[in-house]
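*Asks:* I'd like to ask some things about the structure below.
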Amino acid sequence: MTPILEVSGVNKFFGGVHAVVDMDFVLEKGMLAGLIGPNGAGKTTVFNLITGIYPLETGHITFKGEDISSLKSYEVIGRGIARTFQNLRLFQRSSALENVMTACQQHHHYSFLEAVTHLGRWKKTETDIRLRSMELLDRVGLADRADQAAGTLPYGYQRRLEIARALALEPELLLLDEPAAGMNPEEVLELNELIKEIHSDFKLTILVIEHHMELVMEICPHVICMNFGAKIAEGNPETIQNHPEVLRAYLGEEVPEA
Amino acid sequence: MFGGYTEGIIILLCINSIAAMGVSLLTGFTGIFTLGHAGYMALGAYVSSLLIMKAGMPWLAGIFLGGTGAMLVAWLVGIPTLKLMGDYYAIASIGLGEAIRLILENWQSVTRGARGVPGIPPYTTLPVALAFFLVMAFAMFCLINSRYGRAFKACRDDYLAASLLGFNTAKLRVLSLAISGFYCGVAGALLAGFLSFIQPIMFDMIKSTELTSVVVFGGLGSMSGTLIGTGIITLVTELFRPISQYRMLIYGAVIVIIMIFRPEGIMGQKELGKTFFRDLTRRLKPADKRHGGGVKR
């Protein structure tokens, strides 16, 4: 097993708040890992640090052996990382298909001259982008909604659309930020299946932030738990479920009886 | 074929449409409000007419160099200012537009200042204006229906999501500004050849505001809306020329009426095309048939 993502000694402050404290973890290639923790533990901040939205205060983030800590977001994405957002960031008024095409075009090129004349590779490339995007929509079960504006899709579908859009970037590492937020139990089950399928079909490494414990425990063989910005436990689901620090973070401390 | 007056209006329509398409790309498709694009028209007009008159350049080369000059300035200005997010660029653009106008007004030795440049050869004939309009409109519609169009729209709708889809948003914003500068520069160069006389006051903030309001009027994010909007505004201002003291009143009233009845602009984000007419006919069909029509697709 080779490491694909290494986070070492990472700290982040927001004013006086120590949002991420000495974060260390390694993701092996092909892993499906979960990142859990109570609200405000700093999980999304870790995602934002990896994807270059915030600069690091200290430490390094290495992707496939290359230090990506000082790269800009679009450069990080270009290296083969894709993510979804906790509060959806779809292009609301564009159609579902267009949302996916916007990401898909990163791997299909033609020149500016071909763009303003619609000559040369334009037609073939646009057809390729459209077909590939339809395939991905079909993959997440949204093929019949392709022409609908993204903002008018039901919430669960919008989450799936974001996953399709991230997959269109052909990433090696996929970061999913609370993909099950706002879903009903039935939808969560479907999402479980979808994540497992894309993990094996696209040969992805996936790191998923989740609040639904059952989801993480069922699909993630490896779990990292955070609290107050620091990693408090790491290991397989059983280890995590019985870890005293994790229990304390989620259930609070036992008050000695008076 | 037409009388001189009609011909003049058509040429003016072509020129205004070219400038409006430039602003539309920047404001409607890339989401950057500008209140200084008359400055780029002024650059195009002065660069081309001075090159043609003083350097004896052929007029076609003059027009292209006018557009290119405006594009270069836009590009240079864009690199530092487009780091400004949201409405801050709009403020910067006011300053830029006025700065260009004031430089032209005070650089007496080259531009003759506020007296303007008279005697520009009348190279903008009807065929020239139409040819420029058709070619540039074709290129613009191709552009917005390409990967660049989607990239610009991604920057407009959500710049964070756009950069996390791998777009270099800063670079795309500068590119959009440079292209819109080119369009406005060419429009300015054509205007110089149409009027045979230019002076800095033609390119003041009122002209800039007019360019942006036409785009909003037609619908932000619709290139055909921009053209329709330009058509209506140009015709309204021209047709009411005989009662010239009320012209601006009517112009204002038309804009207010549109904003009340079509707050998204005439076309919203839609384009005139196959889908537009399909949706329109579907909407006009009786309700029971509409259901059947919707499923087939």
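If you're wondering about the labels, chains in the structure tokens are A, B, ... by order shown, residues count from 1 in each chain, ligands from 1 in order shown.
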Give me, as a PDB file with N, CA and C atoms, in the first residue's frame, the contact residues of chain B against chain A at a cut-off of 8 Å, counting only C-alpha atoms.

*Replies:*
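After the write, result_5.pdb holds the following:
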ATOM      1  N   PHE B 138     -21.168  36.539 -34.397  1.00  0.00           N
ATOM      2  CA  PHE B 138     -20.973  35.096 -34.579  1.00  0.00           C
ATOM      3  C   PHE B 138     -19.922  34.575 -33.595  1.00  0.00           C
ATOM      4  N   ALA B 139     -18.788  35.285 -33.526  1.00  0.00           N
ATOM      5  CA  ALA B 139     -17.719  34.850 -32.623  1.00  0.00           C
ATOM      6  C   ALA B 139     -18.203  34.852 -31.176  1.00  0.00           C
ATOM      7  N   MET B 140     -18.980  35.874 -30.795  1.00  0.00           N
ATOM      8  CA  MET B 140     -19.436  35.957 -29.410  1.00  0.00           C
ATOM      9  C   MET B 140     -20.388  34.822 -29.067  1.00  0.00           C
ATOM     10  N   PHE B 141     -21.340  34.522 -29.976  1.00  0.00           N
ATOM     11  CA  PHE B 141     -22.264  33.429 -29.690  1.00  0.00           C
ATOM     12  C   PHE B 141     -21.531  32.093 -29.650  1.00  0.00           C
ATOM     13  N   CYS B 142     -20.523  31.934 -30.507  1.00  0.00           N
ATOM     14  CA  CYS B 142     -19.721  30.710 -30.451  1.00  0.00           C
ATOM     15  C   CYS B 142     -19.011  30.623 -29.105  1.00  0.00           C
ATOM     16  N   LEU B 143     -18.456  31.756 -28.683  1.00  0.00           N
ATOM     17  CA  LEU B 143     -17.676  31.768 -27.448  1.00  0.00           C
ATOM     18  C   LEU B 143     -18.522  31.373 -26.243  1.00  0.00           C
ATOM     19  N   SER B 146     -19.270  27.625 -25.599  1.00  0.00           N
ATOM     20  CA  SER B 146     -18.080  26.786 -25.636  1.00  0.00           C
ATOM     21  C   SER B 146     -17.615  26.585 -24.203  1.00  0.00           C
ATOM     22  N   ARG B 147     -16.481  25.912 -24.048  1.00  0.00           N
ATOM     23  CA  ARG B 147     -15.960  25.682 -22.707  1.00  0.00           C
ATOM     24  C   ARG B 147     -15.680  27.010 -21.998  1.00  0.00           C
ATOM     25  N   TYR B 148     -15.320  28.051 -22.762  1.00  0.00           N
ATOM     26  CA  TYR B 148     -15.061  29.349 -22.138  1.00  0.00           C
ATOM     27  C   TYR B 148     -16.347  29.944 -21.568  1.00  0.00           C
ATOM     28  N   ARG B 150     -18.926  28.334 -20.428  1.00  0.00           N
ATOM     29  CA  ARG B 150     -19.263  27.648 -19.175  1.00  0.00           C
ATOM     30  C   ARG B 150     -18.337  28.090 -18.057  1.00  0.00           C
ATOM     31  N   ALA B 151     -17.056  28.290 -18.390  1.00  0.00           N
ATOM     32  CA  ALA B 151     -16.098  28.706 -17.365  1.00  0.00           C
ATOM     33  C   ALA B 151     -16.451  30.093 -16.823  1.00  0.00           C
ATOM     34  N   ALA B 154     -19.395  29.847 -14.603  1.00  0.00           N
ATOM     35  CA  ALA B 154     -19.050  29.238 -13.314  1.00  0.00           C
ATOM     36  C   ALA B 154     -18.471  30.306 -12.386  1.00  0.00           C
ATOM     37  N   ASP B 157     -21.436  32.470 -11.156  1.00  0.00           N
ATOM     38  CA  ASP B 157     -22.414  31.884 -10.243  1.00  0.00           C
ATOM     39  C   ASP B 157     -21.820  31.565  -8.883  1.00  0.00           C
ATOM     40  N   ASP B 158     -20.586  31.124  -8.822  1.00  0.00           N
ATOM     41  CA  ASP B 158     -19.995  30.744  -7.539  1.00  0.00           C
ATOM     42  C   ASP B 158     -18.486  30.618  -7.735  1.00  0.00           C
ATOM     43  N   ALA B 161     -16.806  27.619  -5.858  1.00  0.00           N
ATOM     44  CA  ALA B 161     -17.055  26.338  -6.519  1.00  0.00           C
ATOM     45  C   ALA B 161     -16.267  26.267  -7.821  1.00  0.00           C
ATOM     46  N   SER B 163     -13.369  27.692  -8.582  1.00  0.00           N
ATOM     47  CA  SER B 163     -11.944  27.399  -8.397  1.00  0.00           C
ATOM     48  C   SER B 163     -11.762  25.979  -7.883  1.00  0.00           C
ATOM     49  N   LEU B 164     -12.770  25.418  -7.206  1.00  0.00           N
ATOM     50  CA  LEU B 164     -12.654  24.027  -6.779  1.00  0.00           C
ATOM     51  C   LEU B 164     -13.118  23.053  -7.857  1.00  0.00           C
ATOM     52  N   LEU B 165     -13.459  23.581  -9.021  1.00  0.00           N
ATOM     53  CA  LEU B 165     -13.625  22.711 -10.183  1.00  0.00           C
ATOM     54  C   LEU B 165     -12.425  22.888 -11.103  1.00  0.00           C
ATOM     55  N   GLY B 166     -11.380  23.521 -10.580  1.00  0.00           N
ATOM     56  CA  GLY B 166     -10.135  23.610 -11.330  1.00  0.00           C
ATOM     57  C   GLY B 166     -10.014  24.834 -12.217  1.00  0.00           C
ATOM     58  N   PHE B 167     -10.894  25.832 -12.050  1.00  0.00           N
ATOM     59  CA  PHE B 167     -10.779  27.031 -12.877  1.00  0.00           C
ATOM     60  C   PHE B 167      -9.911  28.077 -12.189  1.00  0.00           C
ATOM     61  N   ASN B 168      -8.995  28.667 -12.942  1.00  0.00           N
ATOM     62  CA  ASN B 168      -8.213  29.789 -12.452  1.00  0.00           C
ATOM     63  C   ASN B 168      -9.088  31.032 -12.621  1.00  0.00           C
TER      64      ASN B 168
END

*Asks:* Extract, using only C-alpha atoms, all DNA, RNA and protein residues at most 12 Å from A:Asp201, discarding same-chain residues fewer than 3 positions from it, and format them as a ChimeraX atom specification.

*Replies:* /A:30,139,167,172,193-198,204-205

*Asks:* Can you pull out every residue within 7 Å of stretch 46-59 of chain B, counting only C-alpha atoms, but drop anything in the same chain fewer than 6 positions away, and send it as a count of residues only?

*Replies:* 6

*Asks:* Could you pull out the strand (DSSP E or B) residues of stretch 119-252 of chain A from DSSP and send them as a list in words?

*Replies:*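 Residues meeting the strand (DSSP E or B) criterion: Ala149, Leu173, Leu174, Leu175, Leu176, Asp177, Thr205, Ile206, Leu207, Val208, Ile209, His222, Val223, Ile224, Cys225, Met226, Asn227, Ala230, Lys231, Ile232, Ala233, Glu234 and Gly235 of chain A.
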
*Asks:* Hey, what's within 12 Å of A:Lys12 if we count only C-alpha atoms and toss same-chain stuff fewer than 5 positions away? As a VMD selection string, please?

*Replies:* chain A and resid 17 to 23 42 to 43 45 to 46 48 to 50 54 to 60 228 to 230

*Asks:* Excluding same-chain residues fewer than 3 positions from stretch 197-203 of chain B, what lies within 8 Å of it counting only C-alpha atoms, as number ranges by chain?

*Replies:* B: 38-39, 41-42, 45-46, 101-102, 104-105, 113-120, 192-193, 206-208
